[in-house]
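Coordinates as given in query-v8.txt (compact mmCIF, C-alpha atoms and all ligand atoms):
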# COMPACT_ATOMS: atom_id res chain seq x y z
CA MET A 23 114.94 88.75 70.31
CA ALA A 24 112.15 87.51 68.02
CA ILE A 25 110.61 85.80 71.04
CA GLU A 26 110.76 88.99 73.13
CA THR A 27 109.11 90.94 70.31
CA GLU A 28 106.35 88.35 70.17
CA ILE A 29 105.86 88.45 73.97
CA ALA A 30 105.66 92.26 74.07
CA ARG A 31 103.15 92.11 71.20
CA HIS A 32 101.07 89.56 73.13
CA TYR A 33 100.75 91.84 76.18
CA GLY A 34 100.70 95.25 74.50
CA ASN A 35 97.52 97.05 73.55
CA GLY A 36 96.26 100.61 73.39
CA GLU A 37 94.45 102.90 75.84
CA ILE A 38 95.10 100.85 78.98
CA VAL A 39 95.04 103.86 81.30
CA GLU A 40 91.94 105.38 79.67
CA ARG A 41 90.09 102.06 80.15
CA ILE A 42 91.19 101.76 83.77
CA LEU A 43 90.31 105.34 84.73
CA ALA A 44 86.90 105.17 83.02
CA ALA A 45 86.09 101.90 84.83
CA LEU A 46 87.21 103.34 88.19
CA ARG A 47 85.07 106.46 87.65
CA ALA A 48 82.06 104.31 86.72
CA ALA A 49 82.52 102.11 89.81
CA ASN A 50 83.62 104.65 92.43
CA GLY A 51 82.17 107.96 91.21
CA PRO A 52 83.60 110.69 88.96
CA ASP A 53 85.50 112.45 91.76
CA ALA A 54 86.84 109.41 93.61
CA PRO A 55 90.62 109.70 93.99
CA VAL A 56 92.91 107.34 92.06
CA THR A 57 94.77 105.61 94.89
CA VAL A 58 96.98 102.56 95.23
CA ASP A 59 94.15 100.86 97.16
CA ALA A 60 91.47 101.72 94.58
CA LEU A 61 93.72 100.40 91.77
CA SER A 62 94.65 97.21 93.64
CA VAL A 63 91.59 95.30 92.37
CA LEU A 64 92.94 95.53 88.82
CA ASP A 65 96.66 96.40 88.62
CA HIS A 66 98.30 93.30 90.22
CA PHE A 67 98.55 91.28 87.03
CA HIS A 68 99.23 87.77 88.35
CA GLY A 69 97.29 84.87 89.85
CA ARG A 70 95.45 85.86 93.09
CA GLY A 71 96.21 89.59 92.53
CA ILE A 72 96.81 91.78 95.57
CA ALA A 73 96.78 88.82 98.00
CA ALA A 74 99.85 87.38 96.24
CA THR A 75 101.64 90.76 96.35
CA GLN A 76 100.98 91.02 100.09
CA GLU A 77 102.53 87.56 100.54
CA LEU A 78 105.56 88.73 98.57
CA VAL A 79 105.92 91.79 100.83
CA ALA A 80 105.85 89.48 103.88
CA LEU A 81 108.52 87.29 102.27
CA LEU A 82 110.81 90.12 101.12
CA LYS A 83 110.47 92.26 104.31
CA PRO A 84 111.66 95.55 102.77
CA GLU A 85 112.91 98.30 105.10
CA PRO A 86 111.84 101.95 104.59
CA GLY A 87 114.31 103.86 102.42
CA GLU A 88 115.65 100.77 100.62
CA HIS A 89 115.92 100.57 96.83
CA ILE A 90 113.98 97.64 95.39
CA LEU A 91 114.06 96.18 91.87
CA ASP A 92 110.85 94.83 90.29
CA ILE A 93 111.71 92.53 87.37
CA GLY A 94 108.81 92.42 84.89
CA SER A 95 106.87 95.23 86.56
CA GLY A 96 103.79 95.15 84.29
CA ILE A 97 101.59 98.23 84.68
CA GLY A 98 103.20 98.87 88.08
CA GLY A 99 100.61 97.67 90.62
CA PRO A 100 103.11 95.77 92.80
CA ALA A 101 105.71 98.60 92.49
CA ARG A 102 103.14 101.18 93.68
CA TRP A 103 102.09 98.88 96.52
CA PHE A 104 105.69 98.42 97.72
CA ALA A 105 106.46 102.15 97.38
CA ALA A 106 103.29 103.31 99.17
CA LYS A 107 103.02 100.65 101.89
CA CYS A 108 106.70 99.96 102.66
CA GLY A 109 108.24 103.42 102.14
CA VAL A 110 110.79 102.15 99.60
CA GLN A 111 112.12 103.42 96.27
CA VAL A 112 111.30 101.06 93.39
CA THR A 113 112.82 100.60 89.92
CA GLY A 114 110.62 98.52 87.62
CA VAL A 115 111.86 96.96 84.37
CA ASP A 116 109.42 95.62 81.80
CA LEU A 117 109.59 94.44 78.21
CA THR A 118 106.21 95.79 77.04
CA PRO A 119 106.34 99.50 76.08
CA GLU A 120 102.57 99.99 76.54
CA PHE A 121 102.79 98.57 80.08
CA CYS A 122 105.70 100.89 80.94
CA ALA A 123 103.75 103.92 79.66
CA ALA A 124 100.67 102.86 81.65
CA ALA A 125 102.81 102.31 84.78
CA GLU A 126 104.29 105.80 84.49
CA ALA A 127 100.86 107.42 83.99
CA LEU A 128 99.40 105.58 87.01
CA ASN A 129 102.47 106.44 89.12
CA ARG A 130 101.77 110.11 88.35
CA ALA A 131 98.03 109.71 89.01
CA THR A 132 98.75 108.23 92.47
CA GLY A 133 101.44 110.82 93.34
CA LEU A 134 104.19 108.16 93.37
CA ALA A 135 106.22 109.22 90.33
CA GLY A 136 109.02 110.50 92.59
CA ARG A 137 109.37 107.12 94.28
CA ILE A 138 109.19 104.78 91.26
CA THR A 139 111.35 104.67 88.12
CA ILE A 140 110.14 102.58 85.19
CA LYS A 141 112.56 101.33 82.52
CA ASN A 142 111.51 99.65 79.30
CA GLY A 143 113.94 96.77 78.80
CA SER A 144 114.61 93.07 79.14
CA ALA A 145 115.12 91.03 82.28
CA LEU A 146 117.83 89.22 80.32
CA ALA A 147 119.92 92.43 80.03
CA LEU A 148 118.64 94.58 82.90
CA PRO A 149 119.22 98.30 82.23
CA VAL A 150 120.58 98.81 85.76
CA ALA A 151 124.02 99.01 87.41
CA ASP A 152 125.78 96.14 89.20
CA ASN A 153 125.27 95.79 92.99
CA ALA A 154 122.63 98.54 92.99
CA PHE A 155 119.61 97.11 94.86
CA ASP A 156 118.96 96.11 98.48
CA ARG A 157 116.22 93.68 97.45
CA ALA A 158 114.40 92.52 94.33
CA TYR A 159 111.25 90.64 93.42
CA SER A 160 109.61 89.17 90.35
CA GLN A 161 106.02 88.01 90.12
CA ASN A 162 104.75 85.73 87.36
CA VAL A 163 107.32 86.70 84.74
CA ILE A 164 109.61 83.66 84.47
CA MET A 165 107.06 81.67 82.42
CA ASN A 166 107.94 84.02 79.51
CA ILE A 167 111.68 83.39 79.90
CA ALA A 168 113.41 80.61 77.96
CA ASP A 169 116.91 81.34 79.31
CA LYS A 170 116.13 81.22 83.04
CA ARG A 171 119.78 81.05 84.13
CA GLN A 172 120.43 84.38 82.39
CA PHE A 173 117.35 85.85 84.14
CA TYR A 174 118.69 84.78 87.56
CA ARG A 175 122.29 85.85 86.70
CA GLU A 176 121.00 89.34 85.87
CA ALA A 177 119.03 89.57 89.15
CA PHE A 178 122.16 88.40 90.99
CA ARG A 179 124.29 91.06 89.27
CA ALA A 180 121.84 93.85 90.15
CA LEU A 181 121.65 92.96 93.87
CA LYS A 182 124.07 94.18 96.52
CA PRO A 183 125.95 91.40 98.37
CA ASN A 184 123.55 89.90 100.94
CA GLY A 185 120.62 91.28 98.92
CA VAL A 186 117.59 89.02 98.58
CA LEU A 187 115.27 88.19 95.68
CA ALA A 188 111.65 87.09 96.26
CA LEU A 189 109.98 85.09 93.50
CA SER A 190 106.43 84.09 92.77
CA ASN A 191 106.88 81.64 89.90
CA LEU A 192 104.62 79.40 87.91
CA CYS A 193 106.37 76.07 87.32
CA ARG A 194 105.63 72.92 85.35
CA GLY A 195 103.58 70.21 87.05
CA ALA A 196 102.41 66.85 85.75
CA ALA A 197 102.67 65.99 82.05
CA GLY A 198 99.49 66.59 80.08
CA GLU A 199 97.88 68.72 77.44
CA PHE A 200 98.21 72.38 78.44
CA LEU A 201 95.28 74.56 77.35
CA TYR A 202 96.10 77.78 75.40
CA PRO A 203 95.73 80.72 75.23
CA VAL A 204 96.75 81.59 78.82
CA PRO A 205 97.31 85.12 80.17
CA TRP A 206 101.07 85.00 79.43
CA ALA A 207 101.02 83.27 76.04
CA GLU A 208 98.85 82.69 73.00
CA THR A 209 100.58 79.37 72.25
CA ALA A 210 103.35 77.11 73.57
CA ALA A 211 105.87 79.08 71.45
CA THR A 212 106.21 81.79 74.15
CA SER A 213 105.51 79.74 77.29
CA PHE A 214 108.47 78.23 79.14
CA LEU A 215 107.72 76.41 82.38
CA ALA A 216 110.56 74.87 84.40
CA SER A 217 109.91 72.16 86.98
CA PRO A 218 110.42 73.18 90.65
CA ASP A 219 113.65 71.11 90.68
CA GLU A 220 114.91 72.93 87.57
CA MET A 221 114.02 76.27 89.21
CA ARG A 222 116.15 75.35 92.25
CA ALA A 223 119.04 74.22 90.06
CA ASP A 224 118.90 77.41 87.95
CA LEU A 225 118.96 79.61 91.09
CA LEU A 226 121.93 77.74 92.55
CA ALA A 227 123.78 77.87 89.20
CA ALA A 228 123.37 81.68 89.18
CA GLY A 229 125.09 81.82 92.60
CA PHE A 230 122.09 82.28 94.92
CA GLU A 231 121.60 80.61 98.30
CA ILE A 232 118.05 79.33 98.78
CA VAL A 233 116.43 80.69 101.97
CA VAL A 234 112.77 79.72 101.37
CA PHE A 235 111.34 77.44 98.67
CA HIS A 236 107.64 76.85 99.19
CA ASP A 237 105.22 75.03 96.88
CA THR A 238 101.92 76.92 97.32
CA THR A 239 99.92 74.89 94.77
CA ALA A 240 97.67 73.05 97.23
CA GLU A 241 96.86 76.12 99.31
CA THR A 242 96.06 78.34 96.30
CA LEU A 243 93.96 75.78 94.41
CA PRO A 244 90.63 76.50 96.17
CA ALA A 245 90.89 80.21 95.26
CA THR A 246 91.77 79.26 91.66
CA ILE A 247 88.67 77.06 91.43
CA ARG A 248 86.41 79.73 92.99
CA ASN A 249 87.75 82.32 90.56
CA ARG A 250 87.22 80.05 87.54
CA GLU A 251 83.65 79.28 88.62
CA ARG A 252 82.96 83.01 89.10
CA LEU A 253 84.32 83.78 85.61
CA GLU A 254 82.30 80.99 83.99
CA ARG A 255 79.12 82.08 85.79
CA GLY A 256 79.32 85.87 85.57
CA GLY A 257 82.04 86.83 83.10
CA LEU A 258 84.67 89.46 83.76
CA GLY A 259 82.81 91.99 85.94
CA ALA A 260 83.51 95.72 86.04
CA LEU A 261 86.95 95.95 87.65
CA GLY A 262 89.74 93.46 87.06
CA THR A 263 92.96 92.72 85.18
CA HIS A 264 90.96 92.38 81.94
CA LEU A 265 91.17 96.19 81.84
CA ILE A 266 94.90 95.66 81.11
CA MET A 267 94.59 92.98 78.40
CA GLY A 268 91.01 93.38 77.16
CA GLU A 269 88.17 90.88 77.07
CA ARG A 270 90.40 88.19 75.54
CA LEU A 271 91.56 87.62 79.14
CA LEU A 272 88.36 85.76 80.06
CA ALA A 273 89.17 82.62 78.05
CA MET A 274 92.85 82.90 79.05
CA GLN A 275 92.08 82.97 82.78
CA ILE A 276 89.65 80.06 82.53
CA ASN A 277 92.25 77.98 80.63
CA SER A 278 94.91 78.88 83.18
CA ALA A 279 92.70 77.77 86.08
CA ARG A 280 91.83 74.53 84.30
CA ASN A 281 95.55 73.82 83.77
CA GLN A 282 96.16 74.33 87.50
CA GLU A 283 93.19 72.16 88.43
CA ALA A 284 94.56 69.39 86.19
CA GLY A 285 97.87 69.56 88.07
CA LEU A 286 99.80 70.82 85.01
CA GLY A 287 101.21 73.88 86.82
CA ARG A 288 102.76 74.41 90.24
CA THR A 289 103.09 77.74 92.06
CA ILE A 290 106.34 78.36 93.94
CA GLU A 291 107.23 81.20 96.31
CA ALA A 292 110.95 81.50 96.96
CA LEU A 293 113.38 83.78 98.72
CA VAL A 294 117.02 83.57 97.65
CA ARG A 295 120.12 85.45 98.79
CA LYS A 296 123.18 86.75 96.98
CA PRO A 297 125.99 85.73 99.32
CA GLY A 298 128.04 88.48 100.99
CA TYR A 299 131.78 88.53 100.68
CA SER A 300 134.20 88.72 103.61
CA ALA A 301 136.90 91.46 103.57
CA SER A 302 139.56 88.83 102.90
CA ALA A 303 137.72 87.31 99.91
C1 LIG B 1 101.82 88.35 83.96
S1 LIG B 1 102.63 89.89 83.75
C2 LIG B 1 103.14 90.27 85.45
C3 LIG B 1 103.36 91.75 85.66
C4 LIG B 1 103.74 92.14 87.09
N1 LIG B 1 104.85 91.38 87.59
C5 LIG B 1 102.56 91.97 88.04
O1 LIG B 1 102.60 91.02 88.82
O2 LIG B 1 101.63 92.80 88.00
C6 LIG B 1 104.20 89.40 83.02
C7 LIG B 1 105.06 90.60 82.72
O3 LIG B 1 106.37 90.15 82.36
C8 LIG B 1 106.87 91.01 81.37
N2 LIG B 1 107.97 90.31 80.68
C9 LIG B 1 107.91 89.16 79.95
N3 LIG B 1 109.13 88.86 79.49
C10 LIG B 1 109.98 89.82 79.93
C11 LIG B 1 111.37 90.05 79.76
N4 LIG B 1 112.17 89.26 79.02
N5 LIG B 1 111.92 91.15 80.36
C12 LIG B 1 111.14 92.00 81.09
N6 LIG B 1 109.81 91.82 81.26
C13 LIG B 1 109.24 90.74 80.69
C14 LIG B 1 105.67 91.30 80.51
O4 LIG B 1 105.83 92.45 79.71
C15 LIG B 1 104.57 91.45 81.56
O5 LIG B 1 104.46 92.78 82.00
Render the structure in this file as structure tokens.
Amino acid sequence: MAIETEIARHYGNGEIVERILAALRAANGPDAPVTVDALSVLDHFHGRGIAATQELVALLKPEPGEHILDIGSGIGGPARWFAAKCGVQVTGVDLTPEFCAAAEALNRATGLAGRITIKNGSALALPVADNAFDRAYSQNVIMNIADKRQFYREAFRALKPNGVLALSNLCRGAAGEFLYPVPWAETAATSFLASPDEMRADLLAAGFEIVVFHDTTAETLPATIRNRERLERGGLGALGTHLIMGERLLAMQINSARNQEAGLGRTIEALVRKPGYSASA
């Protein structure tokens, strides 16, 4: 619990929505509508932003009308994208109260409040019923989770039989000196990276079948390098995820890119299935 308090304190800060709306008005004009597309340059709070969420949509393949669980939903960018573009209902769970409040305000601003429910809580004790969701996803959350088997057991519990979970996870790469702070942690005390093999083993131990397990490190590295060079040259720019965390994100993003470039992290996209049960089981 002390660790979760520390993690929520790391992410949380005041006036997130005010900062975002002021920056959008300055960039797009005072009367420009607040839409899922306009927000997408700043509200997908993970490496490669909206492009990574679009890959997750392609992996998860949600059907209109389904109920989807977003574990570690941040300020709700991916949840709004899924709700608006795929016609699904989304429940997002996140540890950080300020992020949940910002998600709810932006859901209202985009007219999506009726399609998205946000719950402030822990992925390790999801505040949702058993067998409730058709599909689930989690993007760049697991690096804050020490007890990964409990994280996967909770996702398994929340899914209906045959339900699938799509993951975009940062894993541990080669040994070496990791630079801190990074966007998810000030120090090593709240950063927990499993190796890809440990990730597989944890998923299987929770009961999942592995459908897709894809190491995207090599294909995402050029974008990581371009982004780091852009940040070092020109700073944060007007619109970006720094509006969520503040200007401290600049050094964090540069460190994170340098860790990737040094081979210390690996990015994994996975799709796993909760097995169905036959009538005789
Ligand atoms: C890097 S952000 C990603 C947010 C979101 N998935 C996205 O892609 O925009 C990591 C998120 O994980 C949340 N988080 C960390 N530990 C958590 C836990 N134990 N339970 C629920 N959420 C957690 C944080 O509050 C934060 O919103």
Requested in this report: Taking only C-alpha atoms and all ligand atoms into account, report as a PyMOL selection string which residues have an atom no farther than 7 Å from an atom of ligand LIG 1 (chain B).
Outcome: chain A and resi 26+29-30+33+65-68+93-100+115-118+121+143-146+160-163+166-167+205-206
If I wrap all listed atoms of region 154-166 of chain A in a box with edges along x, y and z and add 6 Å on each side, what are its centre and edge lengths in Å to one decimal, as lines of an AutoDock Vina configuration file?
center_x = 113.7
center_y = 90.1
center_z = 89.0
size_x = 29.9
size_y = 28.9
size_z = 31.0
Query raised in the report: If you count only C-alpha atoms, which residues fall within 8 Å of Val234 (chain A), apart from same-chain ones fewer than 3 positions away, as a ChimeraX atom specification?
Result: /A:291-294
Those residues you just picked out, can you put them in a file as a CSV table (one decimal), in the coordinates of the input with C-alpha atoms?
chain,number,residue,atom,x,y,z
A,291,GLU,CA,107.2,81.2,96.3
A,292,ALA,CA,111.0,81.5,97.0
A,293,LEU,CA,113.4,83.8,98.7
A,294,VAL,CA,117.0,83.6,97.6
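The shortest atom-to-atom distance to Gly109 (chain A), with only C-alpha atoms taken into account, belongs to A:Val79 out of A:Ala260, A:Leu148, A:Val79, A:Ala127.
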Requested in this report: Write out as a list in words each polymer residue whose atoms come within 12 Å of Arg252 (chain A), counting all atoms listed in the file; drop sequence neighbours fewer than 5 positions from it.
Outcome: Ala245, Thr246, Ile247, Gly257, Leu258, Gly259, Leu272, Gln275, Ile276 and Ala279 of chain A
For a cut-off of 12 Å around (90.9, 88.0, 76.9), file coordinates, pick out all residues using only C-alpha atoms and list them as a PDB file with C-alpha atoms, in the coordinates of the input.
ATOM      1  CA  HIS A  32     101.070  89.560  73.130  1.00  0.00           C
ATOM      2  CA  TYR A  33     100.750  91.840  76.180  1.00  0.00           C
ATOM      3  CA  ASN A  35      97.520  97.050  73.550  1.00  0.00           C
ATOM      4  CA  TYR A 202      96.100  77.780  75.400  1.00  0.00           C
ATOM      5  CA  PRO A 203      95.730  80.720  75.230  1.00  0.00           C
ATOM      6  CA  VAL A 204      96.750  81.590  78.820  1.00  0.00           C
ATOM      7  CA  PRO A 205      97.310  85.120  80.170  1.00  0.00           C
ATOM      8  CA  TRP A 206     101.070  85.000  79.430  1.00  0.00           C
ATOM      9  CA  ALA A 207     101.020  83.270  76.040  1.00  0.00           C
ATOM     10  CA  GLU A 208      98.850  82.690  73.000  1.00  0.00           C
ATOM     11  CA  LEU A 253      84.320  83.780  85.610  1.00  0.00           C
ATOM     12  CA  GLY A 257      82.040  86.830  83.100  1.00  0.00           C
ATOM     13  CA  LEU A 258      84.670  89.460  83.760  1.00  0.00           C
ATOM     14  CA  GLY A 262      89.740  93.460  87.060  1.00  0.00           C
ATOM     15  CA  THR A 263      92.960  92.720  85.180  1.00  0.00           C
ATOM     16  CA  HIS A 264      90.960  92.380  81.940  1.00  0.00           C
ATOM     17  CA  LEU A 265      91.170  96.190  81.840  1.00  0.00           C
ATOM     18  CA  ILE A 266      94.900  95.660  81.110  1.00  0.00           C
ATOM     19  CA  MET A 267      94.590  92.980  78.400  1.00  0.00           C
ATOM     20  CA  GLY A 268      91.010  93.380  77.160  1.00  0.00           C
ATOM     21  CA  GLU A 269      88.170  90.880  77.070  1.00  0.00           C
ATOM     22  CA  ARG A 270      90.400  88.190  75.540  1.00  0.00           C
ATOM     23  CA  LEU A 271      91.560  87.620  79.140  1.00  0.00           C
ATOM     24  CA  LEU A 272      88.360  85.760  80.060  1.00  0.00           C
ATOM     25  CA  ALA A 273      89.170  82.620  78.050  1.00  0.00           C
ATOM     26  CA  MET A 274      92.850  82.900  79.050  1.00  0.00           C
ATOM     27  CA  GLN A 275      92.080  82.970  82.780  1.00  0.00           C
ATOM     28  CA  ILE A 276      89.650  80.060  82.530  1.00  0.00           C
ATOM     29  CA  ASN A 277      92.250  77.980  80.630  1.00  0.00           C
ATOM     30  CA  SER A 278      94.910  78.880  83.180  1.00  0.00           C
TER      31      SER A 278
END
